[in-house]
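**Student:** Just final_36.tsv, nothing more (TSV, C-alpha atoms):
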```tsv
chain	number	residue	atom	x	y	z
A	1	MET	CA	-12.12	25.84	27.12
A	2	GLU	CA	-14.34	22.86	26.23
A	3	ILE	CA	-13.45	20.48	23.40
A	4	PRO	CA	-16.18	21.70	20.97
A	5	GLU	CA	-14.91	25.26	21.44
A	6	LEU	CA	-11.34	24.14	20.74
A	7	LEU	CA	-12.47	22.45	17.55
A	8	LYS	CA	-14.18	25.63	16.36
A	9	ALA	CA	-11.22	27.81	17.36
A	10	ASN	CA	-8.89	25.67	15.24
A	11	ALA	CA	-11.17	25.00	12.21
A	12	ILE	CA	-11.33	21.29	13.05
A	13	PRO	CA	-14.65	19.75	11.97
A	14	GLY	CA	-14.46	16.74	14.27
A	15	ALA	CA	-12.26	14.65	16.51
A	16	VAL	CA	-12.12	11.28	18.22
A	17	ILE	CA	-10.11	11.19	21.43
A	18	LEU	CA	-9.07	7.99	23.19
A	19	ILE	CA	-7.03	7.87	26.38
A	20	LYS	CA	-5.63	4.82	28.17
A	21	ALA	CA	-4.61	5.69	31.74
A	22	PRO	CA	-3.49	2.78	33.96
A	23	LYS	CA	-4.33	4.62	37.20
A	24	GLN	CA	-7.29	6.78	36.20
A	25	GLY	CA	-9.00	4.43	33.77
A	26	ASP	CA	-9.86	4.71	30.10
A	27	TRP	CA	-11.82	7.46	28.40
A	28	SER	CA	-13.02	8.09	24.87
A	29	GLY	CA	-15.18	10.69	23.19
A	30	ALA	CA	-16.28	11.80	19.73
A	31	PHE	CA	-16.96	15.45	18.88
A	32	GLY	CA	-18.09	17.52	15.92
A	33	THR	CA	-18.99	16.21	12.50
A	34	ALA	CA	-17.44	13.74	10.07
A	35	GLU	CA	-18.10	16.01	7.09
A	36	ILE	CA	-17.93	19.79	6.70
A	37	GLY	CA	-21.31	21.35	6.00
A	38	LYS	CA	-23.26	18.40	7.36
A	39	GLN	CA	-24.04	17.00	10.77
A	40	VAL	CA	-22.58	13.51	10.41
A	41	PRO	CA	-21.90	11.81	13.74
A	42	ILE	CA	-18.40	10.56	14.47
A	43	SER	CA	-17.79	7.34	16.36
A	44	VAL	CA	-14.74	5.76	17.98
A	45	SER	CA	-15.46	2.73	15.79
A	46	ASP	CA	-14.99	4.73	12.56
A	47	TYR	CA	-12.14	3.69	10.29
A	48	ILE	CA	-9.13	6.00	9.97
A	49	ARG	CA	-5.73	6.04	8.32
A	50	ILE	CA	-3.37	5.88	11.26
A	51	GLY	CA	-0.53	7.55	9.38
A	52	SER	CA	2.91	7.17	10.85
A	53	HIS	CA	1.67	4.79	13.53
A	54	THR	CA	2.37	2.36	10.66
A	55	LYS	CA	6.09	2.79	11.31
A	56	PRO	CA	6.13	0.85	14.62
A	57	MET	CA	4.49	-2.05	12.77
A	58	THR	CA	7.23	-2.01	10.15
A	59	ALA	CA	9.93	-1.83	12.81
A	60	THR	CA	8.27	-4.64	14.79
A	61	VAL	CA	8.47	-6.99	11.81
A	62	ILE	CA	12.13	-6.03	11.31
A	63	LEU	CA	12.84	-6.88	14.96
A	64	GLN	CA	10.98	-10.18	14.62
A	65	LEU	CA	13.18	-11.06	11.65
A	66	PHE	CA	16.25	-10.11	13.67
A	67	GLN	CA	15.10	-12.30	16.55
A	68	GLU	CA	14.56	-15.18	14.11
A	69	GLY	CA	18.12	-14.78	12.83
A	70	LYS	CA	16.99	-13.78	9.34
A	71	LEU	CA	18.79	-10.44	9.37
A	72	LYS	CA	21.13	-8.44	11.58
A	73	LEU	CA	20.49	-4.91	12.74
A	74	ASP	CA	24.01	-3.95	11.71
A	75	ASP	CA	23.54	-5.41	8.23
A	76	PRO	CA	24.14	-2.69	5.62
A	77	ILE	CA	21.11	-1.86	3.52
A	78	SER	CA	23.27	-2.54	0.46
A	79	LYS	CA	22.94	-6.25	1.32
A	80	PHE	CA	19.28	-5.97	0.35
A	81	ARG	CA	19.28	-2.90	-1.92
A	82	PRO	CA	22.59	-2.35	-3.75
A	83	ASP	CA	21.22	0.82	-5.35
A	84	VAL	CA	21.03	2.84	-2.11
A	85	PRO	CA	23.60	5.67	-2.20
A	86	ASN	CA	26.33	4.93	0.37
A	87	GLY	CA	24.23	1.89	1.30
A	88	GLU	CA	27.25	-0.11	2.39
A	89	ASN	CA	27.60	2.32	5.31
A	90	ILE	CA	23.90	2.59	6.28
A	91	THR	CA	22.64	-0.11	8.62
A	92	ILE	CA	19.16	-1.51	9.21
A	93	ALA	CA	19.31	-0.04	12.72
A	94	GLN	CA	20.12	3.42	11.37
A	95	LEU	CA	17.14	3.27	9.02
A	96	ALA	CA	14.85	2.32	11.89
A	97	ASN	CA	16.35	5.00	14.13
A	98	MET	CA	15.95	7.73	11.49
A	99	ARG	CA	19.71	8.17	11.31
A	100	SER	CA	20.46	7.05	7.77
A	101	GLY	CA	21.21	10.55	6.49
A	102	LEU	CA	19.16	9.87	3.35
A	103	PHE	CA	16.88	12.53	1.86
A	104	SER	CA	13.15	12.09	2.57
A	105	TYR	CA	11.22	12.02	-0.69
A	106	THR	CA	8.30	13.82	0.98
A	107	PHE	CA	10.30	17.07	0.88
A	108	ASP	CA	10.84	16.95	-2.88
A	109	ALA	CA	9.00	19.79	-4.65
A	110	GLY	CA	8.20	17.74	-7.74
A	111	PHE	CA	6.78	14.90	-5.65
A	112	ASN	CA	4.50	17.34	-3.82
A	113	ALA	CA	3.38	18.95	-7.07
A	114	THR	CA	2.44	15.52	-8.43
A	115	MET	CA	0.49	14.82	-5.23
A	116	ASP	CA	-1.47	18.04	-5.84
A	117	ASN	CA	-2.08	17.49	-9.56
A	118	ASP	CA	-2.71	13.74	-9.47
A	119	PRO	CA	-3.85	12.73	-5.95
A	120	HIS	CA	-4.99	9.30	-7.21
A	121	LYS	CA	-1.60	8.37	-8.64
A	122	VAL	CA	-0.45	4.88	-7.68
A	123	TRP	CA	3.08	5.19	-6.37
A	124	THR	CA	5.48	2.25	-6.30
A	125	PRO	CA	8.28	1.97	-3.72
A	126	GLU	CA	10.73	2.17	-6.61
A	127	GLU	CA	9.33	5.55	-7.67
A	128	LEU	CA	9.50	6.88	-4.12
A	129	LEU	CA	13.12	5.79	-3.75
A	130	ALA	CA	14.02	7.28	-7.13
A	131	VAL	CA	12.79	10.64	-5.85
A	132	ALA	CA	14.78	10.26	-2.63
A	133	PHE	CA	17.96	9.12	-4.37
A	134	SER	CA	17.86	12.05	-6.79
A	135	HIS	CA	18.93	14.27	-3.88
A	136	PRO	CA	22.26	14.30	-2.04
A	137	ALA	CA	22.40	12.88	1.45
A	138	GLU	CA	21.36	15.14	4.32
A	139	ALA	CA	24.13	13.88	6.62
A	140	PRO	CA	26.62	11.02	7.02
A	141	PRO	CA	25.03	7.82	8.34
A	142	GLY	CA	24.54	7.72	12.10
A	143	GLN	CA	25.33	11.38	12.75
A	144	LYS	CA	21.93	13.09	12.58
A	145	TYR	CA	18.40	12.24	13.67
A	146	ASP	CA	16.02	13.11	10.83
A	147	TYR	CA	12.41	11.87	10.67
A	148	ASN	CA	12.31	10.36	7.23
A	149	ASN	CA	9.80	8.28	5.24
A	150	THR	CA	12.50	7.02	2.87
A	151	ASN	CA	13.91	4.93	5.71
A	152	PHE	CA	10.67	3.04	6.26
A	153	VAL	CA	9.99	2.44	2.58
A	154	LEU	CA	13.39	0.77	2.48
A	155	LEU	CA	12.55	-1.30	5.56
A	156	GLY	CA	9.32	-2.38	3.88
A	157	LEU	CA	11.31	-3.65	0.92
A	158	VAL	CA	13.68	-5.48	3.28
A	159	ILE	CA	10.67	-7.20	4.86
A	160	GLU	CA	9.45	-8.33	1.44
A	161	LYS	CA	12.86	-9.59	0.38
A	162	VAL	CA	13.50	-11.53	3.59
A	163	THR	CA	10.01	-12.98	4.09
A	164	GLY	CA	9.21	-13.66	0.44
A	165	MET	CA	5.77	-12.14	0.88
A	166	SER	CA	4.27	-8.72	0.42
A	167	ALA	CA	4.56	-6.25	3.28
A	168	ALA	CA	0.76	-6.39	3.63
A	169	GLU	CA	0.89	-10.17	4.03
A	170	ALA	CA	3.76	-9.93	6.51
A	171	PHE	CA	1.84	-7.41	8.62
A	172	GLN	CA	-1.25	-9.62	8.48
A	173	LYS	CA	0.50	-12.84	9.51
A	174	ARG	CA	2.95	-11.38	12.00
A	175	ILE	CA	0.98	-8.57	13.68
A	176	PHE	CA	-2.69	-8.24	12.81
A	177	GLU	CA	-3.72	-11.88	13.21
A	178	PRO	CA	-1.76	-12.53	16.46
A	179	LEU	CA	-3.19	-9.35	18.00
A	180	GLY	CA	-6.72	-9.99	16.80
A	181	LEU	CA	-6.80	-6.83	14.67
A	182	THR	CA	-9.41	-8.27	12.31
A	183	HIS	CA	-10.37	-4.93	10.73
A	184	THR	CA	-6.84	-3.58	10.28
A	185	SER	CA	-4.91	-3.62	7.00
A	186	LEU	CA	-2.02	-2.26	5.01
A	187	PRO	CA	-3.88	-1.39	1.78
A	188	ALA	CA	-2.73	-2.45	-1.66
A	189	ASN	CA	-1.10	0.42	-3.52
A	190	THR	CA	-4.06	0.53	-5.90
A	191	ASP	CA	-6.61	0.87	-3.07
A	192	SER	CA	-7.45	4.43	-2.05
A	193	THR	CA	-10.70	3.57	-0.28
A	194	ILE	CA	-11.40	3.55	3.45
A	195	PRO	CA	-14.00	1.11	4.80
A	196	THR	CA	-17.20	2.67	6.07
A	197	PRO	CA	-17.96	4.32	8.34
A	198	HIS	CA	-15.22	6.94	8.18
A	199	ALA	CA	-14.86	10.69	8.48
A	200	GLN	CA	-13.73	12.91	5.63
A	201	GLY	CA	-10.12	14.08	5.68
A	202	TYR	CA	-9.27	17.71	4.95
A	203	GLN	CA	-6.18	19.81	4.28
A	204	PHE	CA	-5.76	23.57	4.12
A	205	GLY	CA	-3.48	24.58	1.28
A	206	THR	CA	-1.69	22.40	-1.26
A	207	ASN	CA	1.08	19.91	-0.62
A	208	VAL	CA	3.54	22.31	-2.23
A	209	GLN	CA	2.39	25.16	0.03
A	210	THR	CA	2.67	22.98	3.15
A	211	ILE	CA	5.88	21.18	2.26
A	212	ASP	CA	7.68	22.55	5.32
A	213	SER	CA	4.75	22.99	7.70
A	214	TYR	CA	1.14	21.87	8.03
A	215	ALA	CA	0.23	25.12	9.78
A	216	VAL	CA	-2.15	27.45	7.95
A	217	PRO	CA	-0.20	30.60	6.96
A	218	SER	CA	-1.01	33.38	9.41
A	219	ALA	CA	-2.42	35.58	6.63
A	220	GLN	CA	-4.95	32.87	5.74
A	221	LEU	CA	-5.86	31.88	9.28
A	222	PRO	CA	-8.81	34.31	9.72
A	223	ALA	CA	-10.41	33.04	6.51
A	224	ALA	CA	-9.90	29.45	7.61
A	225	LEU	CA	-11.54	30.14	10.95
A	226	ASP	CA	-14.55	32.04	9.56
A	227	GLY	CA	-15.16	29.40	6.89
A	228	SER	CA	-14.52	31.54	3.83
A	229	LEU	CA	-11.33	29.55	3.08
A	230	LYS	CA	-12.34	25.99	2.32
A	231	PRO	CA	-9.96	23.08	2.88
A	232	ARG	CA	-9.24	20.45	0.24
A	233	ASN	CA	-10.92	17.06	0.71
A	234	GLN	CA	-8.07	14.52	0.74
A	235	THR	CA	-10.08	11.50	1.87
A	236	ASP	CA	-9.53	9.50	-1.32
A	237	THR	CA	-5.94	10.52	-1.98
A	238	ASN	CA	-4.08	7.33	-2.81
A	239	PRO	CA	-2.02	6.33	0.25
A	240	SER	CA	0.58	4.41	-1.76
A	241	TRP	CA	2.85	7.45	-1.44
A	242	ALA	CA	3.34	6.45	2.22
A	243	TRP	CA	3.26	2.62	2.04
A	244	THR	CA	5.06	1.00	5.02
A	245	ALA	CA	5.82	4.43	6.42
A	246	SER	CA	2.27	5.68	6.87
A	247	SER	CA	-0.66	4.03	5.06
A	248	GLN	CA	-2.26	1.58	7.52
A	249	VAL	CA	-6.05	1.62	8.04
A	250	THR	CA	-7.87	0.59	11.23
A	251	PRO	CA	-10.92	1.57	13.28
A	252	ALA	CA	-10.13	4.48	15.57
A	253	SER	CA	-10.96	2.38	18.63
A	254	ARG	CA	-8.43	-0.25	17.53
A	255	THR	CA	-5.63	2.26	17.14
A	256	VAL	CA	-5.10	2.29	20.88
A	257	LEU	CA	-5.07	-1.51	20.96
A	258	ALA	CA	-2.70	-1.70	18.01
A	259	MET	CA	-0.29	0.76	19.56
A	260	GLY	CA	-0.82	-0.55	23.07
A	261	LEU	CA	0.09	-4.07	22.01
A	262	ALA	CA	2.57	-3.55	19.20
A	263	TRP	CA	4.72	-0.98	21.01
A	264	PRO	CA	5.06	-2.94	24.28
A	265	SER	CA	5.75	-6.16	22.37
A	266	TRP	CA	8.47	-4.31	20.45
A	267	SER	CA	9.89	-2.90	23.69
A	268	LEU	CA	9.79	-6.29	25.40
A	269	GLU	CA	11.55	-7.91	22.47
A	270	CYS	CA	14.20	-5.19	22.59
A	271	SER	CA	14.56	-5.63	26.34
A	272	ASP	CA	14.91	-9.38	25.96
A	273	MET	CA	17.28	-9.21	22.99
A	274	ARG	CA	19.54	-6.46	24.29
A	275	GLY	CA	20.83	-8.77	27.01
A	276	LYS	CA	21.76	-11.36	24.40
A	277	SER	CA	23.13	-9.24	21.59
A	278	PRO	CA	26.01	-6.74	21.54
A	279	VAL	CA	24.27	-5.02	18.62
A	280	MET	CA	21.08	-4.56	20.65
A	281	GLN	CA	23.10	-3.34	23.64
A	282	ARG	CA	24.65	-0.64	21.45
A	283	LEU	CA	21.33	0.16	19.82
A	284	TRP	CA	19.58	0.50	23.18
A	285	ALA	CA	22.35	2.70	24.57
A	286	THR	CA	22.51	5.09	21.62
A	287	THR	CA	18.88	5.35	20.50
A	288	PRO	CA	16.95	8.51	21.50
A	289	THR	CA	13.77	7.26	23.15
A	290	THR	CA	11.78	10.49	23.35
A	291	VAL	CA	10.82	13.04	20.75
A	292	THR	CA	9.07	15.98	22.33
A	293	PRO	CA	5.91	16.92	20.39
A	294	SER	CA	4.69	20.44	19.94
A	295	SER	CA	2.89	21.69	23.04
A	296	SER	CA	1.07	24.48	21.24
A	297	GLY	CA	-0.85	22.70	18.46
A	298	PRO	CA	-4.63	22.24	18.48
A	299	ILE	CA	-4.47	18.50	19.18
A	300	SER	CA	-2.18	18.96	22.18
A	301	ARG	CA	-4.57	21.60	23.48
A	302	LEU	CA	-7.47	19.19	23.06
A	303	LEU	CA	-5.64	16.56	25.08
A	304	ARG	CA	-4.64	19.04	27.78
A	305	THR	CA	-8.29	20.04	28.10
A	306	VAL	CA	-9.38	16.44	28.58
A	307	VAL	CA	-6.68	15.76	31.14
A	308	LYS	CA	-7.17	19.03	33.02
A	309	THR	CA	-10.93	18.58	33.37
A	310	ARG	CA	-10.58	14.85	34.10
A	311	GLN	CA	-13.34	14.05	31.65
A	312	TRP	CA	-12.45	10.40	31.70
```
The structure given in the file should be rewritten as structure tokens.

**Tutor:**
Amino acid sequence: MEIPELLKANAIPGAVILIKAPKQGDWSGAFGTAEIGKQVPISVSDYIRIGSHTKPMTATVILQLFQEGKLKLDDPISKFRPDVPNGENITIAQLANMRSGLFSYTFDAGFNATMDNDPHKVWTPEELLAVAFSHPAEAPPGQKYDYNNTNFVLLGLVIEKVTGMSAAEAFQKRIFEPLGLTHTSLPANTDSTIPTPHAQGYQFGTNVQTIDSYAVPSAQLPAALDGSLKPRNQTDTNPSWAWTASSQVTPASRTVLAMGLAWPSWSLECSDMRGKSPVMQRLWATTPTTVTPSSSGPISRLLRTVVKTRQW
């Protein structure tokens, strides 16, 4: 099946695909439209919110601060945030490894209802943590892997406390400028705009309805595919709800560069530091390095099509 057919079969208006393959070369392509109901071309230079690719940036700054001797990975989060429940037993490393055991505020029903009713609300980190801390812990620290935005909001606050600057400034000085990412930013919490050009962002269902899964309910899928069920336009939803967990903006073409440079630099720093630090040796030995993504979703099928047909 060709990529345009896959888009239609999954009610996806458009897609930008970029592949970096050391042996086979690089490939990129743009398909579909940037806005439902119109024929608006999409480009690999369009701006996008890169979502949770923000997390490696946050973790990179944390590792830089560790390397500079400004914090330790086995420091308890209570050293920086005394209000964290059981914070004296939750380390910086456990936050970064998604093993804190804390509740993720994104699964709170009231939070999701507010997102639906007031998508332009400006969230502060304090409000996000208040939601998280209103719930009991999911597990004791270190015992369970749980992908969790609360962890990376806390790490963002650690960055601000240790550096004495905003997280946005720390990202700019420590990552974006050194890597030449001149059009990349961590937006202010009052800024819900995306620089132009950019595609529109859509969501089927409400946040409350999709709290446990982004999949369209099977009963609604036919209507979504034939166009009678319209998705919600979430383009201008304020991204402050995600902050240092998921709100970064960059051109699509720079996402590959950002990840291709930030991730290896993080890995190289880990590799270098683990030989010098007992903490890093333990961290390296006990950290799961692979999370297997779904192999049945529309995006994975798009990528399999590109790879199978060797379109790059």

**Student:** Using all atoms listed in the file, which protein or nucleic acid residues come within 9 Å of Ile50 (chain A)? Drop anything in the same chain fewer than 4 positions from it, and give the result as a list in words.

**Tutor:** Thr54, Ser246, Ser247, Gln248, Val249, Thr250, Pro251, Ala252 and Thr255 of chain A

**Student:** Quick one: pull the distance between CA of Leu186 (chain A) and CA of Ala168 (chain A), Å, one decimal.

**Tutor:**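 These two atoms are separated by 5.2 Å.
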
**Student:** Which residues, written as a ChimeraX atom specification, have at least one atom at most 9 Å from Val216 (chain A), with all atoms listed in the file counted and residues fewer than 5 positions away on the same chain left out?

**Tutor:** /A:204-205,210,221,224

**Student:** May I ask which of the residues A:Gln203, A:Ser78, A:Ser28, A:Thr150 is the closest one to Ala15 (chain A), counting all atoms listed in the file?

**Tutor:**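 Selected residue with least distance to Ala15 (chain A): A:Ser28.
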
**Student:** Identify which of the residues A:Val61, A:Lys72, A:Ser228, A:Asn148 lies closest to Glu169 (chain A), counting only C-alpha atoms when measuring atom-to-atom distances.

**Tutor:**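 Closest candidate: A:Val61.
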
**Student:** Excluding region 105-113 of chain A and residues on its chain fewer than 4 positions from it, collect all residues at most 12 Å away from it, counting only C-alpha atoms, and give them as a ChimeraX atom specification.

**Tutor:** /A:117-119,121,123,125-138,147-154,205-213,241-242,245-246

**Student:** Rounded to one decimal place, report the CA of Gly32 (chain A)-CA of Ile194 (chain A) distance in Å.

**Tutor:**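 Going from CA of Gly32 (chain A) over to CA of Ile194 (chain A) covers 19.9 Å.
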
**Student:** Using all atoms listed in the file, which of the listed residues (A:Leu65, A:Ile12, A:Ala170, A:Ala30) sits closest to Gly227 (chain A)?

**Tutor:** A:Ile12

**Student:** Calculated over all atoms listed in the file, which of the candidates A:Phe176, A:Ser45, A:Ser192, A:Gly156 has the smallest distance to Phe80 (chain A)?

**Tutor:**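 Once distances to Phe80 (chain A) are computed over all atoms listed in the file, the minimum belongs to A:Gly156.
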
**Student:** Measure the distance from CA of Val44 (chain A) to CA of Val16 (chain A) in Å and round it to one decimal.

**Tutor:**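 So the answer is 6.1 Å.
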
**Student:** Using only C-alpha atoms, which residues sit within 12 Å of Pro222 (chain A) once same-chain residues fewer than 6 positions away are excluded, as a list in words?

**Tutor:**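 Near Pro222 (chain A), the qualifying residues are Ala9, Asn10, Ala11, Val216, Ser228, Leu229 and Lys230 of chain A.
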
**Student:** Which residues are close to Gln94 (chain A), i.e. within 10 Å by all atoms listed in the file, leaving aside same-chain residues fewer than 3 positions away? Reply as a list of chain:residue names.

**Tutor:**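 The filter keeps A:Leu73, A:Asp74, A:Asp75, A:Pro76, A:Ile77, A:Asn89, A:Ile90, A:Thr91, A:Asn97, A:Met98, A:Arg99, A:Ser100, A:Gly101, A:Pro141, A:Gly142, A:Gln143, A:Lys144, A:Tyr145, A:Asn151, A:Leu283, A:Thr287.
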
**Student:** Looking at A:Val162, A:Ile48, A:Leu102, A:Val122, which one is nearest to Asp191 (chain A), with distances taken over all atoms listed in the file?

**Tutor:** A:Val122

**Student:** A:Leu18, A:Glu68, A:Leu155, A:Asp236: which is nearest Gly201 (chain A), counting all atoms listed in the file?

**Tutor:** A:Asp236
